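Below is my_file.txt, holding compact mmCIF, C-alpha atoms.
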```
# COMPACT_ATOMS: atom_id res chain seq x y z
CA MET A 1 53.43 4.96 66.74
CA LYS A 2 50.10 6.82 66.76
CA VAL A 3 49.02 10.05 68.44
CA ARG A 4 45.23 10.60 68.51
CA GLY A 5 44.86 8.18 65.66
CA VAL A 6 47.42 9.93 63.44
CA LYS A 7 50.20 7.71 62.16
CA LEU A 8 53.57 9.29 62.88
CA ARG A 9 55.67 6.80 60.95
CA GLY A 10 56.94 8.36 57.74
CA LEU A 11 56.70 11.93 59.01
CA LYS A 12 60.39 11.81 59.93
CA LEU A 13 59.69 13.50 63.25
CA ARG A 14 63.16 12.76 64.60
CA GLY A 15 64.61 14.73 61.72
CA TRP A 16 62.36 17.71 62.47
CA VAL A 17 63.32 17.56 66.15
CA GLN A 18 67.01 17.48 65.21
CA LEU A 19 66.50 20.41 62.85
CA VAL A 20 64.75 22.53 65.50
CA ARG A 21 67.49 21.64 67.99
CA ASP A 22 70.18 22.70 65.47
CA GLY A 23 68.28 25.92 64.73
CA VAL A 24 67.88 26.91 68.38
CA ASP A 25 71.51 26.04 69.09
CA ALA A 26 72.91 27.97 66.13
CA GLY A 27 70.54 30.90 66.77
CA SER A 28 71.52 31.10 70.44
CA ARG A 29 75.23 31.06 69.60
CA ARG A 30 74.83 33.78 66.95
CA ILE A 31 72.70 36.00 69.20
CA GLU A 32 75.14 35.51 72.08
CA GLN A 33 77.95 36.66 69.81
CA LEU A 34 75.90 39.63 68.61
CA GLN A 35 75.01 40.68 72.15
CA LYS A 36 78.65 40.41 73.25
CA GLU A 37 79.75 42.62 70.34
CA SER A 38 76.96 45.14 71.00
CA LEU A 39 77.92 45.30 74.65
CA ALA A 40 81.64 45.71 74.00
CA GLN A 41 81.44 49.16 72.40
CA PRO A 42 79.61 51.15 75.18
CA LEU A 43 81.67 49.40 77.84
CA ALA A 44 84.90 50.30 76.04
CA LEU A 45 83.75 53.94 75.94
CA LEU A 46 82.86 53.80 79.62
CA GLY A 47 86.30 52.40 80.37
CA GLU A 48 87.93 55.45 78.82
CA VAL A 49 86.25 57.80 81.30
CA PRO A 50 88.82 58.61 84.02
CA GLY A 51 88.03 56.72 87.21
CA LEU A 52 85.46 54.40 85.60
CA ALA A 53 87.85 51.83 84.11
CA ASP A 54 87.51 49.47 87.08
CA VAL A 55 83.73 49.90 87.26
CA SER A 56 83.51 49.23 83.53
CA MET A 57 85.51 46.02 83.94
CA VAL A 58 83.20 44.81 86.70
CA ILE A 59 80.10 45.62 84.62
CA ALA A 60 81.61 43.87 81.60
CA SER A 61 82.39 40.74 83.65
CA VAL A 62 78.90 40.58 85.18
CA ALA A 63 77.18 41.24 81.86
CA THR A 64 79.27 38.65 80.02
CA LEU A 65 78.74 36.09 82.74
CA SER A 66 74.98 36.56 82.73
CA LEU A 67 74.90 36.54 78.92
CA VAL A 68 76.94 33.36 78.61
CA GLY A 69 75.00 31.75 81.46
CA THR A 70 71.64 32.52 79.87
CA HIS A 71 72.60 31.21 76.46
CA THR A 72 74.32 28.13 77.88
CA ALA A 73 71.12 27.38 79.79
CA ILE A 74 69.02 27.82 76.64
CA ARG A 75 71.26 25.42 74.72
CA ALA A 76 71.36 22.90 77.56
CA VAL A 77 67.55 22.83 77.89
CA ASN A 78 67.27 22.60 74.12
CA GLN A 79 69.63 19.62 74.07
CA VAL A 80 67.78 17.88 76.90
CA VAL A 81 64.36 18.37 75.26
CA ALA A 82 65.71 17.12 71.91
CA THR A 83 67.29 14.06 73.54
CA VAL A 84 64.08 13.20 75.40
CA LEU A 85 61.95 13.65 72.27
CA ASP A 86 64.40 11.55 70.29
CA ALA A 87 64.12 8.78 72.88
CA VAL A 88 60.30 9.00 72.85
CA LEU A 89 60.18 8.87 69.06
CA SER A 90 62.53 5.89 69.00
CA GLU A 91 59.96 3.85 70.98
CA MET B 92 49.68 14.07 53.62
CA GLY B 93 52.37 12.12 51.72
CA ARG B 94 52.58 14.37 48.69
CA ARG B 95 52.43 17.56 50.74
CA LEU B 96 55.12 16.28 53.07
CA ASP B 97 57.24 15.30 50.05
CA LEU B 98 56.86 18.80 48.62
CA ALA B 99 57.77 20.37 51.98
CA LEU B 100 60.82 18.13 52.25
CA GLY B 101 61.82 19.05 48.70
CA VAL B 102 61.73 22.74 49.58
CA LEU B 103 63.58 22.13 52.85
CA ASN B 104 66.27 20.12 51.08
CA GLY B 105 66.69 22.86 48.48
CA ALA B 106 66.96 25.55 51.15
CA ILE B 107 69.28 23.93 53.71
CA GLY B 108 70.16 20.61 52.13
CA GLN B 109 73.89 20.83 52.79
CA HIS B 110 73.16 21.21 56.53
CA LEU B 111 70.83 18.19 56.47
CA SER B 112 73.47 16.21 54.62
CA ARG B 113 76.33 17.29 56.90
CA THR B 114 74.37 16.51 60.09
CA GLU B 115 73.05 13.24 58.63
CA ASN B 116 69.51 14.41 59.36
CA GLU B 117 66.90 11.91 58.16
CA LEU B 118 65.07 14.80 56.44
CA GLY B 119 67.93 14.92 53.92
CA THR B 120 66.99 13.06 50.75
CA THR B 121 69.31 10.37 49.41
CA MET B 122 69.33 10.27 45.62
CA ALA B 123 67.15 7.44 44.34
CA ALA B 124 64.51 6.62 41.73
CA HIS B 125 60.99 7.19 43.03
CA ARG B 126 57.54 5.97 42.11
CA GLY B 127 54.30 6.85 43.85
CA GLY B 128 56.17 8.85 46.47
CA ALA B 129 58.45 5.99 47.53
CA SER B 130 61.97 5.05 46.48
CA ILE B 131 62.32 2.02 44.24
CA THR B 132 65.11 -0.22 43.00
CA VAL B 133 65.50 -1.42 39.42
CA ALA B 134 64.22 -4.83 40.53
CA GLU B 135 60.83 -3.22 41.18
CA LEU B 136 60.49 -1.82 37.66
CA VAL B 137 57.60 -3.20 35.61
CA ALA B 138 58.69 -4.51 32.20
CA PRO B 139 62.05 -2.69 31.99
CA THR B 140 63.28 -1.98 28.46
CA PRO B 141 66.92 -1.45 27.31
CA HIS B 142 66.26 2.26 26.80
CA LEU B 143 66.34 4.31 29.98
CA VAL B 144 65.13 7.86 30.41
CA VAL B 145 66.20 9.52 33.63
CA LEU B 146 64.25 12.55 34.87
CA VAL B 147 66.11 14.88 37.24
CA HIS B 148 64.07 17.63 38.94
CA GLY B 149 65.30 21.11 39.86
CA ILE B 150 66.04 22.93 43.09
CA MET B 151 63.49 22.55 45.90
CA GLY B 152 61.63 20.04 43.76
CA THR B 153 60.69 16.39 43.84
CA GLU B 154 59.62 13.99 41.09
CA HIS B 155 56.09 15.42 41.57
CA VAL B 156 57.13 18.46 39.52
CA TRP B 157 56.81 16.37 36.34
CA ALA B 158 53.14 15.51 36.91
CA PHE B 159 50.38 16.76 34.63
CA PRO B 160 46.93 17.18 36.23
CA ASP B 161 45.90 13.75 34.90
CA GLY B 162 48.84 12.08 36.68
CA SER B 163 50.87 11.42 33.52
CA ASP B 164 54.28 12.99 32.90
CA TYR B 165 57.07 13.11 30.30
CA GLY B 166 58.11 9.65 31.44
CA THR B 167 54.75 8.09 30.62
CA ALA B 168 54.80 9.84 27.22
CA LEU B 169 58.24 8.38 26.48
CA GLU B 170 57.12 4.90 27.53
CA SER B 171 55.16 4.82 24.28
CA LEU B 172 58.55 4.88 22.50
CA GLY B 173 59.72 1.82 24.40
CA MET B 174 61.66 3.75 27.01
CA THR B 175 61.71 3.06 30.74
CA PRO B 176 61.47 6.21 32.85
CA LEU B 177 63.27 6.64 36.15
CA ARG B 178 62.17 9.68 38.13
CA LEU B 179 64.89 10.68 40.56
CA ARG B 180 64.55 12.51 43.85
CA TYR B 181 67.58 14.04 45.50
CA ASN B 182 68.77 16.63 47.99
CA SER B 183 68.87 19.71 45.76
CA GLY B 184 70.54 21.83 48.44
CA ARG B 185 73.86 20.02 48.07
CA ALA B 186 76.41 21.46 45.68
CA VAL B 187 75.76 20.66 42.02
CA ALA B 188 79.10 18.85 41.75
CA ASP B 189 78.21 16.60 44.73
CA ASN B 190 74.84 15.74 43.22
CA GLY B 191 76.56 15.13 39.87
CA ALA B 192 78.87 12.62 41.58
CA SER B 193 75.87 10.98 43.29
CA LEU B 194 73.99 10.75 39.98
CA SER B 195 77.00 9.17 38.31
CA LYS B 196 77.33 6.59 41.11
CA LEU B 197 73.60 5.84 41.07
CA LEU B 198 73.61 5.31 37.30
CA ASP B 199 76.63 3.02 37.65
CA GLU B 200 74.62 0.91 40.12
CA ILE B 201 71.47 1.00 37.99
CA VAL B 202 73.31 -0.11 34.84
CA ALA B 203 75.09 -2.88 36.77
CA THR B 204 71.88 -4.29 38.31
CA TYR B 205 69.40 -3.57 35.50
CA PRO B 206 67.47 -6.71 34.54
CA VAL B 207 68.31 -6.37 30.80
CA PRO B 208 71.45 -4.90 29.18
CA VAL B 209 71.05 -1.11 28.90
CA GLU B 210 71.41 0.06 25.29
CA SER B 211 70.74 3.77 25.66
CA ILE B 212 70.23 6.43 28.29
CA THR B 213 68.39 9.71 27.80
CA LEU B 214 68.82 12.32 30.52
CA VAL B 215 66.17 14.98 31.12
CA GLY B 216 66.87 17.74 33.62
CA HIS B 217 64.65 20.57 34.76
CA SER B 218 66.43 23.72 35.99
CA MET B 219 69.22 22.65 38.38
CA GLY B 220 68.61 19.06 37.27
CA GLY B 221 70.25 19.95 33.95
CA LEU B 222 73.38 21.17 35.75
CA VAL B 223 73.47 17.98 37.80
CA ILE B 224 73.32 16.02 34.54
CA ARG B 225 76.16 18.09 33.02
CA SER B 226 78.22 17.54 36.12
CA ALA B 227 77.53 13.78 36.14
CA LEU B 228 78.57 13.53 32.48
CA HIS B 229 82.04 14.66 33.56
CA GLN B 230 82.50 11.93 36.13
CA PRO B 231 84.44 8.80 35.21
CA SER B 232 81.75 6.13 34.84
CA THR B 233 80.59 2.96 33.12
CA TRP B 234 77.31 4.47 31.88
CA ARG B 235 78.57 7.60 30.12
CA GLY B 236 79.06 5.88 26.77
CA LEU B 237 75.41 4.78 26.81
CA VAL B 238 74.03 8.32 26.93
CA ARG B 239 72.40 9.18 23.65
CA ARG B 240 70.96 12.57 24.47
CA ALA B 241 70.62 15.10 27.26
CA ILE B 242 67.63 17.42 27.39
CA TYR B 243 67.73 20.58 29.49
CA LEU B 244 64.52 22.37 30.48
CA GLY B 245 65.06 25.91 31.75
CA THR B 246 68.56 25.07 32.94
CA PRO B 247 70.66 28.10 33.97
CA HIS B 248 73.82 27.05 32.09
CA ARG B 249 75.22 30.56 32.47
CA GLY B 250 73.78 31.26 35.90
CA ALA B 251 70.59 32.79 37.26
CA PRO B 252 70.52 36.57 37.94
CA LEU B 253 68.44 36.22 41.12
CA GLU B 254 71.16 34.22 42.83
CA ARG B 255 73.77 36.72 41.66
CA VAL B 256 71.73 39.47 43.34
CA GLY B 257 71.75 37.37 46.53
CA LYS B 258 75.54 37.16 46.36
CA VAL B 259 75.88 40.93 45.94
CA VAL B 260 73.51 41.63 48.87
CA HIS B 261 75.51 39.28 51.07
CA ARG B 262 78.80 40.88 50.04
CA VAL B 263 77.52 44.43 50.70
CA LEU B 264 76.09 43.50 54.10
CA SER B 265 79.33 41.75 55.04
CA ILE B 266 81.41 44.82 54.21
CA LEU B 267 79.50 46.99 56.73
CA ASP B 268 81.27 46.42 60.02
CA GLN B 269 78.16 46.36 62.18
CA PRO B 270 77.10 43.34 64.25
CA TYR B 271 73.44 43.63 63.16
CA THR B 272 74.15 43.91 59.42
CA ARG B 273 76.57 41.02 59.76
CA LEU B 274 73.78 39.00 61.37
CA VAL B 275 71.47 39.78 58.43
CA ALA B 276 74.31 38.84 56.06
CA ASP B 277 74.80 35.55 57.89
CA VAL B 278 71.08 34.79 57.69
CA ALA B 279 71.11 35.65 53.97
CA ASP B 280 74.10 33.36 53.53
CA LEU B 281 72.24 30.41 55.05
CA ARG B 282 70.93 29.48 51.58
CA SER B 283 72.17 26.13 50.40
CA ASP B 284 75.29 25.32 48.40
CA GLY B 285 73.07 24.15 45.56
CA MET B 286 71.31 27.49 45.45
CA LYS B 287 74.61 29.37 45.46
CA ASP B 288 75.83 27.25 42.54
CA LEU B 289 72.92 28.55 40.47
CA GLY B 290 74.53 31.98 40.32
CA ASP B 291 77.63 30.70 38.54
CA VAL B 292 78.38 29.75 34.97
CA HIS B 293 78.52 25.95 34.85
CA PRO B 294 82.20 24.96 34.93
CA HIS B 295 82.09 21.96 32.58
CA PRO B 296 81.62 22.16 28.80
CA LEU B 297 78.82 20.12 27.20
CA ALA B 298 79.91 16.48 26.80
CA PRO B 299 80.94 16.07 23.13
CA HIS B 300 79.61 12.55 22.48
CA VAL B 301 76.03 13.39 23.49
CA LYS B 302 73.21 15.13 21.59
CA HIS B 303 72.15 18.14 23.62
CA HIS B 304 68.67 19.64 23.36
CA VAL B 305 67.48 22.74 25.10
CA VAL B 306 64.03 23.95 26.07
CA ALA B 307 63.80 27.55 27.24
CA GLY B 308 60.76 29.34 28.56
CA THR B 309 59.76 32.95 28.15
CA LEU B 310 56.86 34.89 29.59
CA PHE B 311 57.38 37.90 27.36
CA GLU B 312 56.70 38.68 23.71
CA ALA B 313 59.16 41.58 23.50
CA LYS B 314 62.57 40.26 22.46
CA LEU B 315 64.59 42.30 24.93
CA LEU B 316 62.42 41.30 27.91
CA ALA B 317 62.48 37.69 26.78
CA GLU B 318 66.28 37.80 26.60
CA LEU B 319 66.66 39.49 29.98
CA LEU B 320 63.96 37.81 32.04
CA GLY B 321 63.23 34.61 30.13
CA ASP B 322 60.99 32.32 32.16
CA ALA B 323 61.15 34.76 35.14
CA LEU B 324 64.07 32.91 36.74
CA VAL B 325 66.41 32.01 33.89
CA PRO B 326 67.15 34.40 30.97
CA LEU B 327 67.00 32.96 27.46
CA SER B 328 70.74 33.39 26.92
CA SER B 329 71.48 31.33 30.05
CA ALA B 330 68.92 28.63 29.26
CA THR B 331 70.05 28.20 25.65
CA ASP B 332 73.81 28.74 26.12
CA GLY B 333 74.68 28.46 22.48
CA VAL B 334 73.01 25.08 21.90
CA GLU B 335 71.69 24.89 18.36
CA ALA B 336 67.95 25.00 17.65
CA PRO B 337 66.60 25.59 21.15
CA PHE B 338 62.90 24.95 21.62
CA ILE B 339 61.36 28.14 23.01
CA VAL B 340 58.01 27.83 24.71
CA HIS B 341 55.73 30.52 26.16
CA ALA B 342 55.79 29.36 29.76
CA GLY B 343 57.18 30.13 33.20
CA HIS B 344 60.08 28.30 34.80
CA ASN B 345 58.18 25.62 36.70
CA ALA B 346 55.68 24.99 33.90
CA LEU B 347 58.53 23.71 31.71
CA ALA B 348 58.49 20.50 33.75
CA HIS B 349 54.91 19.69 32.75
CA HIS B 350 53.98 21.46 29.56
CA PRO B 351 52.11 19.79 26.66
CA ASP B 352 54.26 21.48 23.98
CA VAL B 353 57.46 20.40 25.74
CA ARG B 354 56.12 16.84 26.00
CA GLU B 355 55.48 16.79 22.27
CA GLN B 356 58.97 18.12 21.55
CA LEU B 357 60.59 15.60 23.90
CA VAL B 358 58.82 12.75 22.13
CA ALA B 359 59.86 14.17 18.75
CA TRP B 360 63.53 14.42 19.80
CA CYS B 361 63.55 10.92 21.27
CA ARG B 362 62.03 9.50 18.08
CA GLN B 363 65.02 10.75 16.05
```
Could you write out this structure as structure tokens?
Amino acid sequence: MKVRGVKLRGLKLRGWVQLVRDGVDAGSRRIEQLQKESLAQPLALLGEVPGLADVSMVIASVATLSLVGTHTAIRAVNQVVATVLDAVLSE
Amino acid sequence: MGRRLDLALGVLNGAIGQHLSRTENELGTTMAAHRGGASITVAELVAPTPHLVVLVHGIMGTEHVWAFPDGSDYGTALESLGMTPLRLRYNSGRAVADNGASLSKLLDEIVATYPVPVESITLVGHSMGGLVIRSALHQPSTWRGLVRRAIYLGTPHRGAPLERVGKVVHRVLSILDQPYTRLVADVADLRSDGMKDLGDVHPHPLAPHVKHHVVAGTLFEAKLLAELLGDALVPLSSATDGVEAPFIVHAGHNALAHHPDVREQLVAWCRQ
């Protein structure tokens, strides 16, 4: 395969794509974990304030849902892009 | 492009080789003899002789590390003694013991398929390559009895201080119960198994039936600095590890793989 006259055979592009996919996936998981842990402490403190326990629980649920949703979307897009690139490079 | 890509892949393998190996990524290098940037089999050797010399590079390296500016290397110098050089390339990020097992298996295959009966094997290892050789010499194999000598160039037999510092930093960061410091610790811990092995004293004693020669580098004239810092990566005491009559050369760690004085000494040892 050639792109603008540059031979791509031997550059092991599929390996690089796989590596970037692994990196994005692992990075997203680690950052998701970090953000969950960072969020847990202020929300726990908020929950101890009389009358705010229920509000805190709602905030925690919404925040966690949006956090997990965002990172799941990142990983899904990452997987799709990697799969498409892999298919293109297999041509 | 080829050589630069090879060098980049060598560094990548050294840094995250165990991940490449575990995920079966095609960027992970499979141990094999190389010539001109490509892997070769023994059938492709030109005029093979019964005396093999196997060159094993160090961490993040490739067989290119052996090359002098004129394109020659220790292998070409030893050809003049009737030896056939095999320059290996491997995934230096895998654990030393795993690479030792791979080297042992590869040498088993080479000896079994070699066009003429192998009479002697000389092993030359730079840096981690020396530890891989030591590890391979402890594997049950058909080739072990053929090994006449093993030559270690800047090999951290008793560990490298830089990697020990890395271990301490990781431990300290892990102790602090903060998500962000733990993240930094995790990133620091991403270094490969092979790299982590460099911080430890090699677990196997030197094989008794083999002649062991050591080359150690030092960048310093002062004895204390030479002892402590050695070739900037490996202290003299770690590189020599009690082997008699070490050859000390005024050079940095990487230069030991392509140094005229070392070449002369290698030829002199192999003549014995």
Item checked: Check: which chain B residues lie within 7 Å of chain A using all atoms listed in the file, as an NGL selection string -> :B and (116-118 or 270)
With C-alpha atoms retained, could you export that selection as an mmCIF file, in the frame of the given file?
```cif
data_model
loop_
_atom_site.group_PDB
_atom_site.id
_atom_site.type_symbol
_atom_site.label_atom_id
_atom_site.label_comp_id
_atom_site.auth_asym_id
_atom_site.auth_seq_id
_atom_site.Cartn_x
_atom_site.Cartn_y
_atom_site.Cartn_z
ATOM 1 C CA ASN B 116 69.510 14.410 59.360
ATOM 2 C CA GLU B 117 66.900 11.910 58.160
ATOM 3 C CA LEU B 118 65.070 14.800 56.440
ATOM 4 C CA PRO B 270 77.100 43.340 64.250
#
```
Quick one: axis-aligned box around all listed atoms of segment 122-140 of chain B, 5 Å on every side, centre and edge lengths in Å to one decimal, written as AutoDock Vina command-line options.
```
--center_x 61.8 --center_y 2.7 --center_z 38.0 --size_x 25.0 --size_y 25.1 --size_z 29.1
```
Note to self: What's the separation between atom CA of Arg180 of chain B and atom CA of Ala99 of chain B, in Å to one decimal place?
What the structure shows: 13.2 Å
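Put simply, atom CA of Tyr181 of chain B is 14.0 Å away from atom CA of Asp284 of chain B.
Taking atom CA of Ala313 of chain B as the reference point, atom CA of Val325 of chain B is found at 15.9 Å.
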Next item on the list: Find the residues around Gly152 of chain B up to 10 Å (only C-alpha atoms counted), leave out those fewer than 6 positions away in its own chain, and share them as a ChimeraX atom specification.
Entry: /B:97-105,180-183,217-220,345
Any idea what's packed within 6 Å of segment 332-344 of chain B, counting all atoms listed in the file, ignoring anything in its chain fewer than 5 positions away? Could you give it as a tab-separated table (two decimals) with C-alpha atoms, keeping the file's coordinate frame?
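Contents of part_23.tsv, as written:
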```tsv
chain	number	residue	atom	x	y	z
B	305	VAL	CA	67.48	22.74	25.10
B	306	VAL	CA	64.03	23.95	26.07
B	307	ALA	CA	63.80	27.55	27.24
B	308	GLY	CA	60.76	29.34	28.56
B	309	THR	CA	59.76	32.95	28.15
B	310	LEU	CA	56.86	34.89	29.59
B	322	ASP	CA	60.99	32.32	32.16
```
Notebook entry, point to check: Smallest atom-to-atom distance to Glu200 of chain B: which of B:Ala124, B:Met286, B:Leu274, B:Leu319, using all atoms listed in the file?
Noted result: B:Ala124
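All residues of protein, DNA or RNA that reach within 10 Å of Thr140 of chain B, judged by all atoms listed in the file and not counting those fewer than 4 positions away in the chain, are Leu136, Glu170, Gly173, Met174, Thr175, Pro176, Tyr205, Pro206, Val207, Pro208, Val209, Glu210 and Ser211 of chain B.
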Note to self: With only C-alpha atoms as the counted atoms, please give the residues lying no more than 10 Å from Ile74 of chain A, apart from itself and same-chain residues fewer than 6 positions off, as number ranges by chain.
What the structure shows: A: 24-25, 28-29, 68
Could the residues in this selection be saved with C-alpha atoms as a PDB file, in the coordinates of the input?
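part-v4.pdb, freshly written:
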```
ATOM      1  CA  VAL A  24      67.880  26.910  68.380  1.00  0.00           C
ATOM      2  CA  ASP A  25      71.510  26.040  69.090  1.00  0.00           C
ATOM      3  CA  SER A  28      71.520  31.100  70.440  1.00  0.00           C
ATOM      4  CA  ARG A  29      75.230  31.060  69.600  1.00  0.00           C
ATOM      5  CA  VAL A  68      76.940  33.360  78.610  1.00  0.00           C
TER       6      VAL A  68
END
```
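Minimum atom-to-atom distance to Ser66 of chain A, evaluated using all atoms listed in the file, belongs to A:Glu32 out of A:Glu91, A:Val49, A:Leu43, A:Glu32.
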Limit the output to N, CA and C atoms and give segment 291-305 of chain B as a CSV table (one decimal), in the first residue's frame.
```
chain,number,residue,atom,x,y,z
B,291,ASP,N,17.8,-5.2,40.0
B,291,ASP,CA,18.1,-6.3,40.9
B,291,ASP,C,19.5,-6.9,40.7
B,292,VAL,N,20.0,-7.6,41.7
B,292,VAL,CA,21.2,-8.4,41.6
B,292,VAL,C,20.7,-9.6,40.8
B,293,HIS,N,21.5,-10.0,39.8
B,293,HIS,CA,21.1,-11.2,38.9
B,293,HIS,C,21.0,-12.4,39.8
B,294,PRO,N,19.9,-13.2,39.7
B,294,PRO,CA,19.7,-14.3,40.6
B,294,PRO,C,20.6,-15.5,40.4
B,295,HIS,N,21.1,-15.7,39.2
B,295,HIS,CA,21.9,-16.9,38.9
B,295,HIS,C,23.4,-16.7,39.0
B,296,PRO,N,24.1,-17.6,39.6
B,296,PRO,CA,25.6,-17.5,39.6
B,296,PRO,C,26.2,-17.7,38.2
B,297,LEU,N,27.4,-17.3,38.0
B,297,LEU,CA,28.0,-17.5,36.7
B,297,LEU,C,28.2,-19.0,36.4
B,298,ALA,N,27.9,-19.4,35.2
B,298,ALA,CA,27.9,-20.8,34.9
B,298,ALA,C,29.4,-21.3,35.0
B,299,PRO,N,29.6,-22.4,35.7
B,299,PRO,CA,31.0,-22.8,36.1
B,299,PRO,C,31.8,-23.3,34.9
B,300,HIS,N,31.2,-23.9,33.9
B,300,HIS,CA,32.0,-24.5,32.8
B,300,HIS,C,32.5,-23.5,31.7
B,301,VAL,N,32.1,-22.2,31.9
B,301,VAL,CA,32.4,-21.2,30.9
B,301,VAL,C,33.4,-20.2,31.4
B,302,LYS,N,34.3,-19.8,30.4
B,302,LYS,CA,35.2,-18.7,30.8
B,302,LYS,C,34.4,-17.4,30.7
B,303,HIS,N,34.5,-16.6,31.8
B,303,HIS,CA,33.7,-15.3,31.8
B,303,HIS,C,34.7,-14.2,31.7
B,304,HIS,N,34.4,-13.2,30.8
B,304,HIS,CA,35.3,-12.0,30.7
B,304,HIS,C,34.4,-10.8,30.8
B,305,VAL,N,34.9,-9.8,31.5
B,305,VAL,CA,34.1,-8.6,31.7
B,305,VAL,C,34.8,-7.4,31.2
```
